$ cat target22.cif   # mmCIF, C-alpha atoms and all ligand atoms
data_work
#
loop_
_atom_site.label_atom_id
_atom_site.label_comp_id
_atom_site.auth_asym_id
_atom_site.auth_seq_id
_atom_site.Cartn_x
_atom_site.Cartn_y
_atom_site.Cartn_z
CA MET A 1 255.31 82.94 174.95
CA GLN A 2 257.91 80.42 173.91
CA ILE A 3 261.53 81.35 173.31
CA ARG A 4 262.53 79.95 169.93
CA SER A 5 265.86 81.72 169.62
CA ALA A 6 268.23 83.73 171.78
CA GLN A 7 271.38 85.31 170.44
CA PHE A 8 274.02 87.43 172.06
CA VAL A 9 274.14 90.80 170.26
CA ILE A 10 276.71 93.05 171.92
CA SER A 11 278.24 94.19 175.20
CA ALA A 12 278.05 97.95 175.58
CA THR A 13 279.90 100.23 178.00
CA SER A 14 277.84 103.36 177.25
CA LEU A 15 274.47 104.37 175.87
CA ASP A 16 276.14 105.20 172.55
CA GLY A 17 277.44 101.66 172.29
CA CYS A 18 273.96 100.11 172.55
CA PRO A 19 272.34 98.56 169.48
CA ASP A 20 269.75 100.58 167.54
CA PRO A 21 266.62 100.95 169.68
CA ASP A 22 264.40 99.25 167.14
CA VAL A 23 262.87 96.41 169.19
CA PRO A 24 261.13 96.38 172.59
CA GLU A 25 263.64 95.95 175.38
CA PHE A 26 263.47 94.45 178.88
CA ALA A 27 266.35 94.89 181.32
CA PHE A 28 267.33 92.89 184.38
CA ILE A 29 269.00 94.70 187.21
CA GLY A 30 269.61 94.08 190.90
CA ARG A 31 272.32 93.80 193.49
CA SER A 32 275.43 91.88 192.57
CA ASN A 33 275.00 88.13 192.80
CA VAL A 34 271.18 88.29 193.01
CA GLY A 35 270.89 85.97 190.02
CA LYS A 36 270.32 88.18 186.93
CA SER A 37 272.51 86.22 184.54
CA SER A 38 271.21 82.87 185.84
CA LEU A 39 267.62 83.97 185.29
CA ILE A 40 268.37 85.06 181.72
CA ASN A 41 269.85 81.63 181.07
CA ARG A 42 266.85 79.92 182.61
CA LEU A 43 264.33 82.01 180.66
CA THR A 44 266.10 81.43 177.36
CA GLY A 45 266.87 77.79 178.08
CA GLN A 46 270.54 78.37 177.18
CA THR A 47 272.77 77.59 180.13
CA GLY A 48 275.87 79.36 178.86
CA LEU A 49 274.28 82.44 177.28
CA ALA A 50 274.91 84.92 180.15
CA LYS A 51 277.99 84.42 182.30
CA VAL A 52 277.17 83.28 185.83
CA SER A 53 279.62 83.64 188.68
CA ALA A 54 279.68 83.12 192.42
CA THR A 55 281.90 86.23 192.62
CA PRO A 56 279.82 89.41 192.95
CA GLY A 57 280.31 92.05 190.27
CA HIS A 58 280.82 89.62 187.45
CA THR A 59 278.70 91.42 184.84
CA LYS A 60 280.30 94.80 184.13
CA THR A 61 278.77 95.76 180.80
CA LEU A 62 275.27 96.15 179.34
CA ASN A 63 274.78 92.81 177.59
CA PHE A 64 272.14 92.57 174.89
CA TYR A 65 270.41 89.38 173.77
CA LEU A 66 268.00 89.23 170.84
CA ILE A 67 265.06 86.95 171.58
CA ASN A 68 262.91 85.41 168.83
CA LYS A 69 264.45 88.06 166.54
CA ASP A 70 261.81 90.26 168.07
CA TRP A 71 262.86 91.85 171.37
CA HIS A 72 265.90 92.40 173.57
CA LEU A 73 266.74 91.11 177.00
CA VAL A 74 269.48 93.13 178.65
CA ASP A 75 271.68 91.85 181.46
CA LEU A 76 272.83 94.88 183.45
CA PRO A 77 275.70 94.99 185.94
CA GLY A 78 274.79 94.59 189.58
CA TYR A 79 274.48 97.67 191.74
CA GLY A 80 276.17 97.75 195.10
CA PHE A 81 279.34 96.12 193.94
CA ALA A 82 282.01 98.04 195.81
CA GLN A 83 284.51 98.93 193.14
CA LYS A 84 287.74 99.98 194.80
CA ASN A 85 288.31 102.84 192.43
CA LEU A 86 285.86 105.72 192.93
CA ALA A 87 286.25 107.08 189.39
CA ALA A 88 285.52 103.62 187.98
CA ARG A 89 282.42 103.33 190.18
CA GLU A 90 281.10 106.69 189.04
CA ARG A 91 281.60 105.77 185.38
CA PHE A 92 279.85 102.51 186.03
CA GLU A 93 276.84 104.13 187.71
CA GLU A 94 276.63 106.79 185.01
CA MET A 95 276.45 104.06 182.37
CA ILE A 96 273.51 102.38 184.11
CA ILE A 97 271.67 105.63 184.87
CA ASP A 98 272.11 106.92 181.29
CA TYR A 99 270.76 103.66 179.98
CA LEU A 100 267.74 103.57 182.29
CA GLU A 101 266.82 107.22 181.84
CA GLN A 102 267.43 107.56 178.13
CA ARG A 103 267.00 104.25 176.37
CA GLU A 104 263.96 104.87 174.21
CA SER A 105 263.15 101.22 173.48
CA LEU A 106 263.22 100.20 177.15
CA ILE A 107 259.76 98.89 178.05
CA ARG A 108 260.35 97.64 181.56
CA VAL A 109 263.08 97.08 184.11
CA PHE A 110 262.91 93.90 186.16
CA VAL A 111 264.46 94.60 189.56
CA LEU A 112 265.72 91.35 191.01
CA ILE A 113 265.52 91.05 194.78
CA ASP A 114 267.09 88.28 196.83
CA SER A 115 264.04 86.60 198.36
CA ARG A 116 266.05 85.26 201.32
CA LEU A 117 266.61 88.69 202.84
CA PRO A 118 264.42 91.41 204.31
CA MET A 119 264.19 94.55 202.18
CA GLN A 120 267.72 95.88 201.78
CA LYS A 121 268.49 99.61 201.81
CA LEU A 122 270.19 99.44 198.41
CA ASP A 123 267.12 97.83 196.86
CA ARG A 124 264.74 100.27 198.50
CA ASP A 125 266.83 103.25 197.38
CA PHE A 126 266.98 101.95 193.85
CA VAL A 127 263.23 101.29 193.66
CA GLN A 128 262.56 104.77 195.04
CA TRP A 129 264.84 106.21 192.38
CA LEU A 130 262.99 104.32 189.63
CA ILE A 131 259.66 105.63 190.92
CA GLY A 132 261.02 109.18 191.04
CA ALA A 133 262.37 108.84 187.50
CA ASP A 134 259.02 107.44 186.31
CA ILE A 135 260.59 104.29 184.89
CA ASP A 136 258.30 101.24 184.58
CA PHE A 137 259.52 98.33 186.62
CA ALA A 138 258.54 94.99 188.13
CA LEU A 139 260.07 93.12 191.06
CA VAL A 140 261.38 89.57 190.76
CA PHE A 141 262.14 87.76 194.01
CA THR A 142 264.95 85.36 193.13
CA LYS A 143 266.31 82.12 194.59
CA VAL A 144 262.94 81.05 196.00
CA ASP A 145 264.26 77.48 196.11
CA LYS A 146 266.29 78.67 199.13
CA THR A 147 263.60 80.74 200.84
CA LYS A 148 261.06 80.05 203.54
CA PRO A 149 257.57 81.17 202.41
CA ALA A 150 257.10 83.26 205.58
CA VAL A 151 260.30 85.22 204.91
CA LEU A 152 259.25 85.89 201.34
CA ARG A 153 255.78 87.03 202.41
CA GLU A 154 257.33 89.45 204.87
CA THR A 155 259.68 90.93 202.25
CA ARG A 156 256.91 91.30 199.68
CA GLY A 157 254.89 93.07 202.37
CA GLN A 158 257.74 95.51 203.00
CA PHE A 159 257.78 96.50 199.33
CA GLU A 160 253.99 96.79 199.24
CA THR A 161 254.20 99.15 202.20
CA LEU A 162 256.86 101.16 200.40
CA PHE A 163 254.61 101.53 197.33
CA GLN A 164 251.74 102.67 199.55
CA GLU A 165 253.96 105.18 201.32
CA MET A 166 255.07 106.54 197.96
CA GLY A 167 251.50 106.75 196.75
CA ILE A 168 251.86 104.45 193.75
CA SER A 169 249.91 101.33 192.86
CA ALA A 170 251.86 98.14 193.55
CA ALA A 171 254.38 97.17 190.89
CA PRO A 172 254.00 93.71 189.34
CA MET A 173 255.81 91.09 191.43
CA PHE A 174 257.18 87.70 190.44
CA GLU A 175 258.96 84.91 192.25
CA SER A 176 261.66 82.90 190.51
CA SER A 177 264.20 80.16 190.87
CA SER A 178 266.83 79.51 188.28
CA GLU A 179 267.45 76.17 189.97
CA THR A 180 263.90 74.83 189.59
CA GLY A 181 262.51 77.05 186.83
CA ALA A 182 259.80 78.43 189.12
CA GLY A 183 258.34 81.67 187.79
CA LYS A 184 259.63 81.21 184.25
CA LEU A 185 256.21 80.81 182.62
CA GLU A 186 254.72 83.80 184.44
CA LEU A 187 257.63 86.05 183.48
CA LEU A 188 257.57 85.01 179.84
CA ARG A 189 253.80 85.43 179.65
CA PHE A 190 254.12 88.91 181.12
CA ILE A 191 256.89 89.94 178.71
CA GLY A 192 254.96 88.42 175.79
CA ALA A 193 251.91 90.51 176.68
CA GLU A 194 253.99 93.68 176.83
CA VAL A 195 255.73 92.96 173.52
CA ALA A 196 252.32 92.36 171.92
CA THR A 197 251.01 95.65 173.31
CA VAL A 198 253.99 97.58 171.92
CA VAL A 199 253.65 95.96 168.50
CA ALA A 200 249.88 96.66 168.45
CA ASP A 201 250.49 100.32 169.39
CA GLU A 202 253.08 100.68 166.62
CA ASP A 203 250.72 99.14 164.06
CA GLU A 204 248.02 101.58 165.07
CA ASP A 205 250.39 104.55 164.79
CA GLU A 206 251.53 103.47 161.35
CA ASP A 207 248.18 102.65 159.78
CA PRO A 208 245.08 103.01 161.93
CA GLU A 209 242.69 101.57 159.36
CA GLU A 210 244.74 98.50 158.52
CA SER A 211 245.40 97.66 162.12
CA ASN A 212 241.66 97.50 162.78
CA ALA A 213 241.33 94.83 160.14
CA ASP A 214 244.26 92.80 161.44
CA ASN A 215 243.15 91.20 164.61
CA GLY A 216 246.43 90.55 166.14
CA ALA A 217 248.28 87.72 164.65
CA ASP A 218 250.04 86.25 167.63
CA ASP A 219 252.26 83.85 165.82
CA GLU A 220 252.87 81.89 169.01
CA GLY A 221 249.22 81.10 169.42
CA SER A 222 249.70 81.84 173.09
CA GLY A 223 246.16 83.03 173.34
CA GLY A 224 245.43 86.67 174.02
CA ALA A 225 248.95 87.85 174.49
CA ALA A 226 247.75 91.43 174.59
CA THR A 227 246.05 90.92 177.94
CA ALA A 228 246.66 93.84 180.27
CA PRO A 229 249.91 93.04 182.13
CA SER A 230 248.41 93.45 185.56
CA THR A 231 246.14 90.46 184.98
CA VAL A 232 249.02 88.04 184.69
CA VAL A 233 250.79 88.88 187.91
CA PRO A 234 250.84 85.77 190.08
CA PRO A 235 248.91 86.07 193.33
CA SER A 236 250.94 86.71 196.43
N1 LIG B 301 269.95 78.46 194.79
C1 LIG B 301 269.96 79.32 193.78
N2 LIG B 301 271.13 79.90 193.41
C2 LIG B 301 271.09 80.79 192.39
C3 LIG B 301 269.87 81.13 191.72
N3 LIG B 301 270.15 82.06 190.79
C4 LIG B 301 271.48 82.29 190.85
N4 LIG B 301 272.06 81.55 191.79
C5 LIG B 301 273.49 81.53 192.16
O1 LIG B 301 273.87 82.84 192.60
C6 LIG B 301 275.18 83.19 192.11
C7 LIG B 301 275.13 84.48 191.31
O2 LIG B 301 274.37 84.26 190.12
P1 LIG B 301 274.49 85.23 188.85
O3 LIG B 301 273.40 84.83 187.92
O4 LIG B 301 275.87 85.28 188.31
O5 LIG B 301 274.15 86.63 189.53
P2 LIG B 301 274.23 88.10 188.90
O6 LIG B 301 273.14 88.86 189.53
O7 LIG B 301 274.24 88.01 187.41
O8 LIG B 301 275.64 88.61 189.46
P3 LIG B 301 276.57 89.83 188.93
O9 LIG B 301 276.70 89.72 187.45
O10 LIG B 301 277.85 89.59 189.65
O11 LIG B 301 275.91 91.09 189.38
C8 LIG B 301 275.67 81.97 191.32
O12 LIG B 301 276.47 81.19 192.19
C9 LIG B 301 274.38 81.24 190.95
O13 LIG B 301 274.57 79.86 190.76
C10 LIG B 301 268.65 80.49 192.15
O14 LIG B 301 267.53 80.71 191.64
N5 LIG B 301 268.75 79.60 193.19
MG MG B 302 275.61 88.75 186.02
#
$ encode --input "target22.cif" --output "structure tokens"
Amino acid sequence: MQIRSAQFVISATSLDGCPDPDVPEFAFIGRSNVGKSSLINRLTGQTGLAKVSATPGHTKTLNFYLINKDWHLVDLPGYGFAQKNLAARERFEEMIIDYLEQRESLIRVFVLIDSRLPMQKLDRDFVQWLIGADIDFALVFTKVDKTKPAVLRETRGQFETLFQEMGISAAPMFESSSETGAGKLELLRFIGAEVATVVADEDEDEDPEESNADNGADDEGSGGAATAPSTVVPPS
């Protein structure tokens, strides 16, 4: 899938403040400073779209971007940013949890993991929470331009073990670098396939007979965008 347009829509501070849930949505979350905003800029090809900062805790709101006038990318605040004020931290966590649990148009959460580090407790806890809440997610190992392959293999293995221990099939995993653009094509192909699946399901719900006749106009010509997502996960 190619990104033809990317526009900032709104910054929300609660579920009520989010835009109407009328397009498929994909959210990026992860520890502060892991590279969420940078990856959104890299994927959209717009350097200044999401604010990047070397100071952890920069993104404090739910930031919505409309892509190809067709789907939303959402830049979520980082978890694990130690807000000094406990009440503020609770409000902040409630905002993220409400969004993840209740946002009806949310298709998948991409959990960004710093590929330079072994599995961190905060990441493990968050992934376990997602599994318990039955929220679809994928892992994205970021900053691979700064990572030794052996370290990355080890960390991926730790998450695979976690999935086995929790009795679920492995979540899709990606590797990315916002410096080099590594992983961009795989991520966009994956999202494109999921958007196509949602659109096809909606067509079927609306008019089963018509949708049989329409064999899936993929206006990008990206070739079989409705491929099952698991087939586009890059090999480890
Ligand atoms: N080397 C390298 N640095 C990166 C990469 N992605 C992000 N960074 C750097 O990491 C820092 C944090 O990046 P952000 O994109 O702001 O991270 P974030 O996850 O949005 O951070 P918060 O909004 O504070 O939670 C910045 O200094 C980026 O330049 C990457 O792929 N490689
Ligand atoms: Mg950010």
$ closest_atom_pairs --input "target22.cif" --of "chain A" --to "ligand LIG 301 (chain B)" --cutoff "6 Å" --atoms "only C-alpha atoms and all ligand atoms" --output "CSV"
residue,atom,partner,partner_atom,distance
A:Ser32,CA,B:LIG301,O11,3.3
A:Asn33,CA,B:LIG301,O8,3.4
A:Val34,CA,B:LIG301,O6,4.0
A:Gly35,CA,B:LIG301,O5,3.4
A:Lys36,CA,B:LIG301,O6,3.9
A:Ser37,CA,B:LIG301,O3,3.8
A:Ser38,CA,B:LIG301,O3,3.6
A:Val52,CA,B:LIG301,O4,3.4
A:Ser53,CA,B:LIG301,O4,4.1
A:Ala54,CA,B:LIG301,O12,3.8
A:Pro56,CA,B:LIG301,O10,3.8
A:Gly57,CA,B:LIG301,O10,3.5
A:His58,CA,B:LIG301,O10,3.7
A:Thr59,CA,B:LIG301,O9,3.7
A:Pro77,CA,B:LIG301,O11,5.2
A:Gly78,CA,B:LIG301,O11,3.7
A:Thr142,CA,B:LIG301,O14,5.5
A:Lys143,CA,B:LIG301,O14,3.5
A:Asp145,CA,B:LIG301,N5,5.8
A:Lys146,CA,B:LIG301,N1,5.7
A:Ser177,CA,B:LIG301,O14,3.5
A:Ser178,CA,B:LIG301,O14,3.6
A:Glu179,CA,B:LIG301,O14,4.8
$ axis_aligned_box --input "target22.cif" --around "stretch 24-28 of chain A" --padding-each-side "3 Å" --output "AutoDock Vina command-line options"
--center_x 264.2 --center_y 94.6 --center_z 178.5 --size_x 12.2 --size_y 9.5 --size_z 17.8
$ residues_around --input "target22.cif" --residues "A:Lys121" --least-positions-apart "3" --cutoff "12 Å" --atoms "all atoms listed in the file" --output "number ranges by chain"
A: 31, 79-80, 113, 117-118, 124-128, 158-159, 162
$ closest_residue --input "target22.cif" --among "A:Phe141, A:Phe92, A:Phe28, A:Tyr99" --to "ligand MG 302 (chain B)" --atoms "only C-alpha atoms and all ligand atoms"
A:Phe28
$ residues_near_point --input "target22.cif" --point "(272.0, 79.1, 177.9)" --cutoff "12 Å" --atoms "only C-alpha atoms" --output "list in words"
Ile3, Ser5, Ala6, Gln7, Phe8, Ser37, Ser38, Leu39, Ile40, Asn41, Arg42, Leu43, Thr44, Gly45, Gln46, Thr47, Gly48, Leu49, Ala50, Lys51, Val52, Tyr65 and Ser178 of chain A
$ atom_distance --input "target22.cif" --atom1 "atom CA of A:Thr13" --atom2 "atom CA of A:Phe64"
11.3 Å
$ atom_distance --input "target22.cif" --atom1 "atom CA of A:Asp75" --atom2 "atom CA of A:Leu188"
15.8 Å
$ closest_residue --input "target22.cif" --among "A:Glu25, A:Ser11, A:Glu90, A:Leu100" --to "A:Leu62" --atoms "all atoms listed in the file"
A:Ser11
$ closest_residue --input "target22.cif" --among "A:Met166, A:Ala171, A:Val144, A:Ile135" --to "A:Glu104" --atoms "only C-alpha atoms"
A:Ile135
$ closest_residue --input "target22.cif" --among "A:Leu76, A:Ile168, A:Ala196, A:Leu187" --to "ligand MG 302 (chain B)" --atoms "all atoms listed in the file"
A:Leu76
$ closest_residue --input "target22.cif" --among "A:Cys18, A:Glu93, A:Asp123, A:Val195" --to "A:Arg108" --atoms "only C-alpha atoms"
A:Val195
$ closest_residue --input "target22.cif" --among "A:Ile67, A:Met173, A:Val151, A:Val74" --to "ligand MG 302 (chain B)" --atoms "only C-alpha atoms and all ligand atoms"
A:Val74
$ atom_distance --input "target22.cif" --atom1 "atom CA of A:Thr155" --atom2 "atom CA of A:Ile107"
25.5 Å
$ residues_around --input "target22.cif" --residues "A:Asp16" --least-positions-apart "6" --cutoff "10 Å" --atoms "only C-alpha atoms" --output "JSON, numbers by chain"
{"A": [95, 98, 99, 103]}
$ residues_near_point --input "target22.cif" --point "(256.0, 93.8, 191.8)" --cutoff "9 Å" --atoms "all atoms listed in the file" --output "VMD selection string"
chain A and resid 110 to 111 137 to 141 156 159 to 160 170 to 174 233
